[in-house]
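**Q** query_22.txt is the file, holding compact mmCIF, C-alpha atoms and all ligand atoms:
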# COMPACT_ATOMS: atom_id res chain seq x y z
CA MET A 1 42.62 3.05 -40.35
CA THR A 2 43.36 6.26 -38.45
CA PRO A 3 40.69 8.14 -36.44
CA ASN A 4 40.86 11.09 -38.85
CA ILE A 5 40.29 8.96 -41.96
CA LEU A 6 37.41 7.11 -40.33
CA ALA A 7 35.96 10.41 -39.08
CA GLN A 8 35.92 11.74 -42.66
CA LYS A 9 33.90 8.71 -43.74
CA LEU A 10 31.43 9.29 -40.90
CA GLU A 11 30.94 13.02 -41.57
CA SER A 12 27.79 12.59 -43.65
CA VAL A 13 25.95 10.69 -40.90
CA SER A 14 27.38 11.82 -37.60
CA ASP A 15 27.30 15.08 -35.60
CA SER A 16 30.49 14.02 -33.83
CA PRO A 17 32.46 11.98 -36.38
CA LEU A 18 35.83 12.11 -34.64
CA LEU A 19 34.33 10.99 -31.35
CA GLU A 20 32.55 8.11 -33.07
CA ALA A 21 35.70 7.18 -35.03
CA ARG A 22 37.73 7.00 -31.81
CA TRP A 23 34.99 4.95 -30.12
CA ILE A 24 34.92 2.44 -33.00
CA LEU A 25 38.71 2.13 -33.14
CA SER A 26 38.97 1.67 -29.38
CA GLU A 27 36.79 -1.45 -29.66
CA VAL A 28 37.29 -2.88 -33.14
CA LYS A 29 40.63 -3.57 -34.81
CA ASP A 30 39.56 -5.77 -37.73
CA GLU A 31 39.29 -3.69 -40.95
CA ASN A 32 36.43 -5.83 -42.35
CA LYS A 33 34.42 -5.31 -39.17
CA ILE A 34 35.11 -1.58 -39.29
CA CYS A 35 33.83 -1.47 -42.89
CA SER A 36 30.69 -3.35 -41.87
CA ILE A 37 30.11 -0.90 -38.97
CA LEU A 38 30.59 1.98 -41.40
CA ARG A 39 28.00 0.51 -43.78
CA ARG A 40 25.44 0.11 -40.97
CA ARG A 41 26.21 3.57 -39.64
CA LYS A 42 25.78 5.10 -43.10
CA ALA A 43 22.40 3.37 -43.34
CA GLY A 44 21.39 5.41 -40.26
CA GLU A 45 21.83 2.89 -37.43
CA PRO A 46 23.08 4.59 -34.24
CA LEU A 47 26.59 3.57 -33.21
CA SER A 48 25.34 2.58 -29.74
CA LYS A 49 22.97 0.04 -31.32
CA ILE A 50 25.74 -1.32 -33.56
CA LEU A 51 28.30 -1.65 -30.76
CA GLY A 52 25.59 -2.68 -28.28
CA HIS A 53 26.26 -0.24 -25.48
CA LYS A 54 26.31 3.43 -24.51
CA GLY A 55 27.70 5.55 -21.69
CA PHE A 56 25.23 7.27 -19.37
CA TRP A 57 25.99 9.23 -16.19
CA LYS A 58 28.93 7.32 -14.69
CA GLY A 59 28.08 3.91 -16.12
CA ASP A 60 28.05 1.87 -19.28
CA PHE A 61 24.73 0.45 -20.49
CA ILE A 62 23.96 -2.46 -22.77
CA THR A 63 21.46 -1.37 -25.38
CA SER A 64 19.47 -3.14 -28.12
CA LYS A 65 16.46 -2.72 -30.37
CA ASP A 66 14.30 -3.54 -27.34
CA VAL A 67 15.23 -0.47 -25.30
CA LEU A 68 15.46 3.26 -25.78
CA ASP A 69 19.11 4.29 -25.97
CA PRO A 70 20.06 6.21 -22.82
CA ARG A 71 20.03 9.93 -23.68
CA ALA A 72 22.34 12.64 -22.32
CA ASP A 73 19.22 14.80 -21.66
CA SER A 74 18.01 12.25 -19.12
CA GLU A 75 21.07 12.95 -16.97
CA ILE A 76 19.25 16.17 -15.98
CA LEU A 77 16.80 13.93 -14.13
CA ILE A 78 19.62 12.32 -12.15
CA GLU A 79 20.93 15.79 -11.23
CA ALA A 80 17.42 16.86 -10.16
CA VAL A 81 17.12 13.86 -7.81
CA LEU A 82 20.55 14.56 -6.31
CA LYS A 83 19.62 18.21 -5.71
CA THR A 84 16.26 17.31 -4.14
CA PHE A 85 17.60 14.47 -1.98
CA PRO A 86 21.20 15.46 -1.17
CA ASN A 87 21.78 12.85 1.55
CA LYS A 88 23.42 10.11 -0.48
CA LEU A 89 23.61 7.80 2.53
CA SER A 90 19.87 7.66 3.20
CA PRO A 91 18.22 4.27 2.70
CA TYR A 92 15.65 5.60 0.23
CA SER A 93 13.36 3.25 -1.59
CA PHE A 94 12.47 4.45 -5.05
CA SER A 95 11.02 3.28 -8.32
CA ASP A 96 11.74 3.90 -11.99
CA ILE A 97 8.48 3.73 -13.93
CA GLY A 98 9.12 2.66 -17.54
CA THR A 99 12.68 1.64 -16.76
CA GLY A 100 13.75 0.50 -20.27
CA SER A 101 17.51 -0.13 -20.15
CA GLY A 102 17.42 0.66 -16.41
CA CYS A 103 19.82 3.58 -16.92
CA LEU A 104 18.00 5.94 -14.53
CA LEU A 105 17.44 3.42 -11.74
CA ILE A 106 20.94 1.97 -11.93
CA SER A 107 22.64 5.39 -12.09
CA LEU A 108 20.71 6.49 -9.00
CA LEU A 109 21.65 3.29 -7.18
CA THR A 110 25.31 3.97 -7.86
CA GLU A 111 24.85 7.36 -6.14
CA TYR A 112 22.64 6.24 -3.23
CA LYS A 113 24.59 3.24 -1.96
CA ASN A 114 22.08 2.38 0.81
CA ALA A 115 18.96 2.76 -1.30
CA THR A 116 16.74 0.09 -2.81
CA GLY A 117 15.43 0.52 -6.32
CA THR A 118 12.63 -1.14 -8.28
CA GLY A 119 12.28 -0.71 -12.01
CA ILE A 120 8.99 -1.46 -13.72
CA ASP A 121 8.27 -1.87 -17.40
CA LEU A 122 5.64 -3.50 -19.53
CA SER A 123 8.24 -4.91 -21.90
CA GLU A 124 9.77 -8.21 -20.76
CA LYS A 125 12.50 -7.77 -23.37
CA ALA A 126 13.43 -4.38 -21.92
CA LEU A 127 13.48 -5.84 -18.40
CA LYS A 128 15.96 -8.51 -19.56
CA ILE A 129 18.34 -5.77 -20.72
CA ALA A 130 17.79 -3.81 -17.50
CA ARG A 131 18.71 -6.88 -15.39
CA LYS A 132 21.86 -7.36 -17.47
CA ASN A 133 22.70 -3.69 -16.96
CA ALA A 134 22.36 -3.95 -13.19
CA ARG A 135 24.88 -6.82 -13.19
CA HIS A 136 27.10 -4.98 -15.69
CA ASN A 137 27.21 -1.94 -13.35
CA ASN A 138 27.55 -3.99 -10.14
CA VAL A 139 24.27 -2.80 -8.69
CA LYS A 140 21.49 -4.74 -6.97
CA ALA A 141 18.08 -3.76 -8.31
CA LYS A 142 14.65 -5.30 -8.64
CA PHE A 143 12.89 -5.33 -12.00
CA ILE A 144 9.22 -6.16 -12.32
CA LYS A 145 6.93 -6.53 -15.30
CA LYS A 146 4.03 -4.22 -14.62
CA ASP A 147 1.76 -1.80 -16.42
CA MET A 148 2.18 1.67 -14.96
CA ARG A 149 -1.62 1.93 -14.94
CA GLN A 150 -1.45 -0.57 -12.05
CA PHE A 151 1.22 1.24 -10.08
CA HIS A 152 0.13 1.24 -6.41
CA SER A 153 3.30 0.48 -4.42
CA SER A 154 4.71 2.98 -1.93
CA PHE A 155 8.15 4.47 -2.41
CA ASP A 156 9.97 7.52 -1.07
CA PHE A 157 10.08 8.84 -4.61
CA ALA A 158 9.75 7.72 -8.21
CA VAL A 159 11.38 8.76 -11.45
CA SER A 160 10.00 8.35 -14.93
CA ASN A 161 11.02 9.00 -18.49
CA GLN A 162 7.87 7.71 -20.13
CA PRO A 163 6.93 7.88 -23.83
CA TYR A 164 5.98 11.46 -24.70
CA ILE A 165 6.07 11.88 -28.48
CA PRO A 166 2.65 12.66 -30.01
CA THR A 167 1.68 9.77 -32.32
CA LYS A 168 1.50 12.02 -35.40
CA ASP A 169 5.09 13.21 -34.81
CA ILE A 170 6.62 9.73 -34.72
CA GLU A 171 6.98 9.58 -38.51
CA LYS A 172 8.80 12.94 -38.43
CA LEU A 173 11.47 11.66 -36.03
CA GLU A 174 15.00 11.17 -37.33
CA PRO A 175 15.37 7.65 -38.79
CA ASN A 176 18.06 6.83 -36.19
CA VAL A 177 15.33 7.12 -33.52
CA ARG A 178 12.21 6.09 -35.47
CA LEU A 179 13.73 2.91 -36.90
CA TYR A 180 15.95 1.80 -34.04
CA ASP A 181 14.24 2.69 -30.75
CA PRO A 182 11.13 0.66 -29.80
CA ILE A 183 7.83 2.38 -30.62
CA MET A 184 6.60 1.43 -27.14
CA ALA A 185 9.27 3.73 -25.71
CA LEU A 186 8.27 6.68 -27.90
CA ASP A 187 4.54 6.90 -28.52
CA GLY A 188 2.80 9.10 -25.96
CA GLY A 189 -0.64 9.00 -27.65
CA ASN A 190 -2.51 11.67 -29.63
CA ASP A 191 -1.12 14.69 -27.78
CA GLY A 192 1.93 12.98 -26.25
CA LEU A 193 0.44 13.31 -22.78
CA ASP A 194 -1.21 9.88 -22.26
CA TYR A 195 1.42 8.68 -19.79
CA TYR A 196 1.40 11.93 -17.80
CA ARG A 197 -2.36 11.44 -17.35
CA ILE A 198 -1.64 7.99 -15.90
CA LEU A 199 1.22 9.16 -13.68
CA SER A 200 -0.71 12.17 -12.37
CA GLN A 201 -3.16 9.71 -10.81
CA ILE A 202 -0.51 7.91 -8.74
CA SER A 203 -1.25 8.28 -5.05
CA SER A 204 1.36 6.08 -3.37
CA VAL A 205 4.48 8.20 -3.98
CA PRO A 206 5.08 11.67 -2.47
CA VAL A 207 7.64 12.94 -4.98
CA LEU A 208 7.81 12.28 -8.70
CA PHE A 209 10.63 13.22 -11.09
CA LEU A 210 9.49 13.36 -14.70
CA GLU A 211 11.30 13.87 -17.96
CA ILE A 212 9.20 15.90 -20.41
CA GLY A 213 9.38 16.79 -24.08
CA LYS A 214 10.00 20.25 -25.53
CA GLY A 215 7.10 22.60 -24.84
CA GLN A 216 5.16 20.18 -22.60
CA LYS A 217 5.71 21.98 -19.28
CA THR A 218 2.43 23.94 -19.13
CA ALA A 219 0.22 21.03 -20.15
CA VAL A 220 1.97 18.59 -17.80
CA CYS A 221 1.78 21.05 -14.88
CA ARG A 222 -1.94 21.49 -15.52
CA LEU A 223 -2.52 17.73 -15.41
CA PHE A 224 -0.52 17.27 -12.21
CA LYS A 225 -2.24 20.21 -10.49
CA LYS A 226 -5.54 18.51 -11.23
CA GLY A 227 -4.13 15.28 -9.75
CA GLY A 228 -3.26 17.01 -6.44
CA TRP A 229 0.44 17.66 -7.02
CA ARG A 230 2.43 20.87 -6.71
CA LEU A 231 5.44 21.73 -8.82
CA LEU A 232 8.56 21.62 -6.68
CA SER A 233 11.14 22.50 -9.34
CA ALA A 234 11.81 22.57 -13.07
CA HIS A 235 15.20 21.75 -14.63
CA LYS A 236 16.53 22.82 -18.03
CA ASP A 237 18.83 20.87 -20.31
CA LEU A 238 21.92 22.33 -22.00
CA GLY A 239 19.72 23.67 -24.80
CA LYS A 240 17.75 25.67 -22.17
CA ILE A 241 14.68 23.47 -22.69
CA VAL A 242 12.74 22.50 -19.57
CA ARG A 243 13.45 18.78 -19.49
CA VAL A 244 12.58 17.65 -15.96
CA LEU A 245 9.71 18.53 -13.62
CA VAL A 246 9.61 17.55 -9.96
CA PHE A 247 6.18 17.20 -8.37
CA GLN A 248 5.19 16.75 -4.76
CA LYS A 249 1.90 15.10 -3.78
CA LYS A 250 0.32 17.61 -1.46
CA ARG A 251 -1.41 15.28 0.97
CA LEU A 252 1.46 12.79 1.23
CA VAL A 253 4.09 15.25 2.48
CA LYS A 254 4.04 16.27 6.15
CA ASP A 255 4.96 19.89 7.02
CA ASP A 256 6.25 20.43 3.50
CA LYS A 257 9.41 18.54 4.52
CA LEU A 258 11.27 16.20 2.25
CA PHE A 259 12.77 13.58 4.56
C1 LIG B 1 11.02 6.55 -23.05
S1 LIG B 1 11.37 4.87 -22.55
C2 LIG B 1 12.42 5.26 -21.16
C3 LIG B 1 13.42 4.21 -20.80
C4 LIG B 1 14.41 4.63 -19.69
N1 LIG B 1 13.73 4.97 -18.48
C5 LIG B 1 15.28 5.79 -20.14
O1 LIG B 1 15.15 6.87 -19.60
O2 LIG B 1 16.10 5.60 -21.05
C6 LIG B 1 9.82 4.43 -21.80
C7 LIG B 1 9.68 3.01 -21.29
O3 LIG B 1 8.33 2.86 -20.81
C8 LIG B 1 7.89 1.54 -21.09
N2 LIG B 1 6.42 1.51 -21.12
C9 LIG B 1 5.58 1.89 -22.11
N3 LIG B 1 4.30 1.72 -21.72
C10 LIG B 1 4.32 1.24 -20.45
C11 LIG B 1 3.32 0.90 -19.51
N4 LIG B 1 2.02 1.01 -19.80
N5 LIG B 1 3.71 0.46 -18.29
C12 LIG B 1 5.04 0.34 -17.97
N6 LIG B 1 6.02 0.66 -18.83
C13 LIG B 1 5.68 1.11 -20.05
C14 LIG B 1 8.52 1.22 -22.44
O4 LIG B 1 8.60 -0.16 -22.64
C15 LIG B 1 9.87 1.92 -22.31
O5 LIG B 1 10.87 1.02 -21.86
Could you quickly redo this structure as structure tokens?
**A**
Amino acid sequence: MTPNILAQKLESVSDSPLLEARWILSEVKDENKICSILRRRKAGEPLSKILGHKGFWKGDFITSKDVLDPRADSEILIEAVLKTFPNKLSPYSFSDIGTGSGCLLISLLTEYKNATGTGIDLSEKALKIARKNARHNNVKAKFIKKDMRQFHSSFDFAVSNQPYIPTKDIEKLEPNVRLYDPIMALDGGNDGLDYYRILSQISSVPVLFLEIGKGQKTAVCRLFKKGGWRLLSAHKDLGKIVRVLVFQKKRLVKDDKLF
């Protein structure tokens, strides 16, 4: 099958059919397997879940029903860290809270070669995938099962892309997200802000990089102000939506200097 013919068959389900067609054909040669992929794809399953991996930042990440698929939007968070901490040789220690596939932690470790990174997640199944991904991307990382409500360890900074969809909006999500990403990675409680409430109470980390959902900036800033943080910067995605907020814990930073 040629890429163009396969792309035509994918048009009804994909925003980028030719890209997906080329991806499938670069990995699968057997026509029967291609037909089976096409059937699953037409039923709404994301191609990354079918093929079992997805590109993110400069790496390739194993994905499964147990982890949120790495999203291009989350690369804004990586860029925000690199802008805030430009010295790539520093031996930073940092954490990824709600690490899922480990895509944020591992991508940062590929940039900061002397850093140490610890990913935490409540899902043991997600941690298994994250450990595989560290090996797959030739990075040494620590992954610990922990509830972020019990996050007390000190780090130079932490990143987090925690669940932020309001519970009532979950059923309105596209089936390719609602049916194939774990609910534990999506549900942010009644107003979508439950996890920001938890993270705003952290007192062992001076700088926190957070991914947020569309329209959440004001509410999240209010919560973090209450928790003793000041907004250091806000970063928009390609759709001009504020996607990442960087907070600094006032009393943990000396002379307003970041390392
Ligand atoms: C939105 S996913 C983000 C995954 C990954 N960081 C990314 O950006 O693709 C949120 C992750 O938080 C984890 N999680 C949910 N509740 C948690 C809790 N109370 N403590 C720690 N992790 C939690 C979920 O299992 C999920 O892997």
**Q** With all atoms listed in the file as the atoms that count, which of A:Gly44, A:Pro166, A:Pro86, A:Pro206 lies nearest to Asp187 (chain A)?
**A** A:Pro166
**Q** Could you tell me, counting all atoms listed in the file, which protein and nucleic acid residues lie no more than 7 Å from ligand LIG 1 (chain B), written as a PDB file with C-alpha atoms, in the coordinates of the input?
**A**
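Writing done, so here's result.pdb:
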ATOM      1  CA  VAL A  67      15.230  -0.470 -25.300  1.00  0.00           C
ATOM      2  CA  LEU A  68      15.460   3.260 -25.780  1.00  0.00           C
ATOM      3  CA  ASP A  69      19.110   4.290 -25.970  1.00  0.00           C
ATOM      4  CA  PRO A  70      20.060   6.210 -22.820  1.00  0.00           C
ATOM      5  CA  ARG A  71      20.030   9.930 -23.680  1.00  0.00           C
ATOM      6  CA  SER A  74      18.010  12.250 -19.120  1.00  0.00           C
ATOM      7  CA  ASP A  96      11.740   3.900 -11.990  1.00  0.00           C
ATOM      8  CA  ILE A  97       8.480   3.730 -13.930  1.00  0.00           C
ATOM      9  CA  GLY A  98       9.120   2.660 -17.540  1.00  0.00           C
ATOM     10  CA  THR A  99      12.680   1.640 -16.760  1.00  0.00           C
ATOM     11  CA  GLY A 100      13.750   0.500 -20.270  1.00  0.00           C
ATOM     12  CA  SER A 101      17.510  -0.130 -20.150  1.00  0.00           C
ATOM     13  CA  GLY A 102      17.420   0.660 -16.410  1.00  0.00           C
ATOM     14  CA  CYS A 103      19.820   3.580 -16.920  1.00  0.00           C
ATOM     15  CA  LEU A 104      18.000   5.940 -14.530  1.00  0.00           C
ATOM     16  CA  ILE A 120       8.990  -1.460 -13.720  1.00  0.00           C
ATOM     17  CA  ASP A 121       8.270  -1.870 -17.400  1.00  0.00           C
ATOM     18  CA  LEU A 122       5.640  -3.500 -19.530  1.00  0.00           C
ATOM     19  CA  SER A 123       8.240  -4.910 -21.900  1.00  0.00           C
ATOM     20  CA  ALA A 126      13.430  -4.380 -21.920  1.00  0.00           C
ATOM     21  CA  LYS A 146       4.030  -4.220 -14.620  1.00  0.00           C
ATOM     22  CA  ASP A 147       1.760  -1.800 -16.420  1.00  0.00           C
ATOM     23  CA  MET A 148       2.180   1.670 -14.960  1.00  0.00           C
ATOM     24  CA  ARG A 149      -1.620   1.930 -14.940  1.00  0.00           C
ATOM     25  CA  SER A 160      10.000   8.350 -14.930  1.00  0.00           C
ATOM     26  CA  ASN A 161      11.020   9.000 -18.490  1.00  0.00           C
ATOM     27  CA  GLN A 162       7.870   7.710 -20.130  1.00  0.00           C
ATOM     28  CA  PRO A 163       6.930   7.880 -23.830  1.00  0.00           C
ATOM     29  CA  MET A 184       6.600   1.430 -27.140  1.00  0.00           C
ATOM     30  CA  ALA A 185       9.270   3.730 -25.710  1.00  0.00           C
ATOM     31  CA  LEU A 186       8.270   6.680 -27.900  1.00  0.00           C
TER      32      LEU A 186
END
**Q** With a distance cut-off of 10 Å and all atoms listed in the file, select the neighbouring residues of Gly188 (chain A), excluding the residue or stretch itself and same-chain residues fewer than 5 positions from it, and output the selection as number ranges by chain.
**A** A: 162-168, 170, 183, 193-196
**Q** Suppose you want the space between CA of Pro46 (chain A) and CA of Glu27 (chain A); what is it in Å?
**A** 15.7 Å
**Q** Could you work out how far CA of Ile62 (chain A) lies from CA of Gln8 (chain A), giving the answer in Å with one decimal?
**A**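 We find that CA of Gln8 (chain A) and CA of Ile62 (chain A) lie 27.2 Å from each other.
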**Q** To one decimal place in Å, what is the distance between CA of Glu45 (chain A) and CA of Leu18 (chain A)?
**A** 17.0 Å
**Q** With distances taken over all atoms listed in the file, which residue among A:Asn137, A:Gln150, A:Asn114, A:Thr218 lies nearest Gln201 (chain A)?
**A**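 Result for the nearest residue to Gln201 (chain A): A:Gln150.
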**Q** Go through A:Arg197, A:Lys9, A:His152, A:Arg178 one by one, measure the shortest atom-to-atom distance of each to Cys221 (chain A) using all atoms listed in the file, and give the residue with the smallest value.
**A** A:Arg197
**Q** Could you tell me which of A:Ile144, A:Ala134, A:Leu238, A:Val207 comes closest to Leu108 (chain A) if we count all atoms listed in the file?
**A** A:Ala134
**Q** Go through A:Leu208, A:Ile198, A:Ala21, A:Val13 one by one, measure the shortest atom-to-atom distance of each to Met1 (chain A) using only C-alpha atoms, and give the residue with the smallest value.
**A**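 Residue with the minimum atom-to-atom distance to Met1 (chain A): A:Ala21.
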**Q** For Leu232 (chain A), please output as a compact mmCIF listing (two decimals) with C-alpha atoms, keeping the file's coordinate frame all residues within 7 Å (counting all atoms listed in the file; exclusion window: fewer than 6 positions along the same chain).
**A**
# COMPACT_ATOMS: atom_id res chain seq x y z
CA VAL A 246 9.61 17.55 -9.96
CA PHE A 247 6.18 17.20 -8.37
CA GLN A 248 5.19 16.75 -4.76
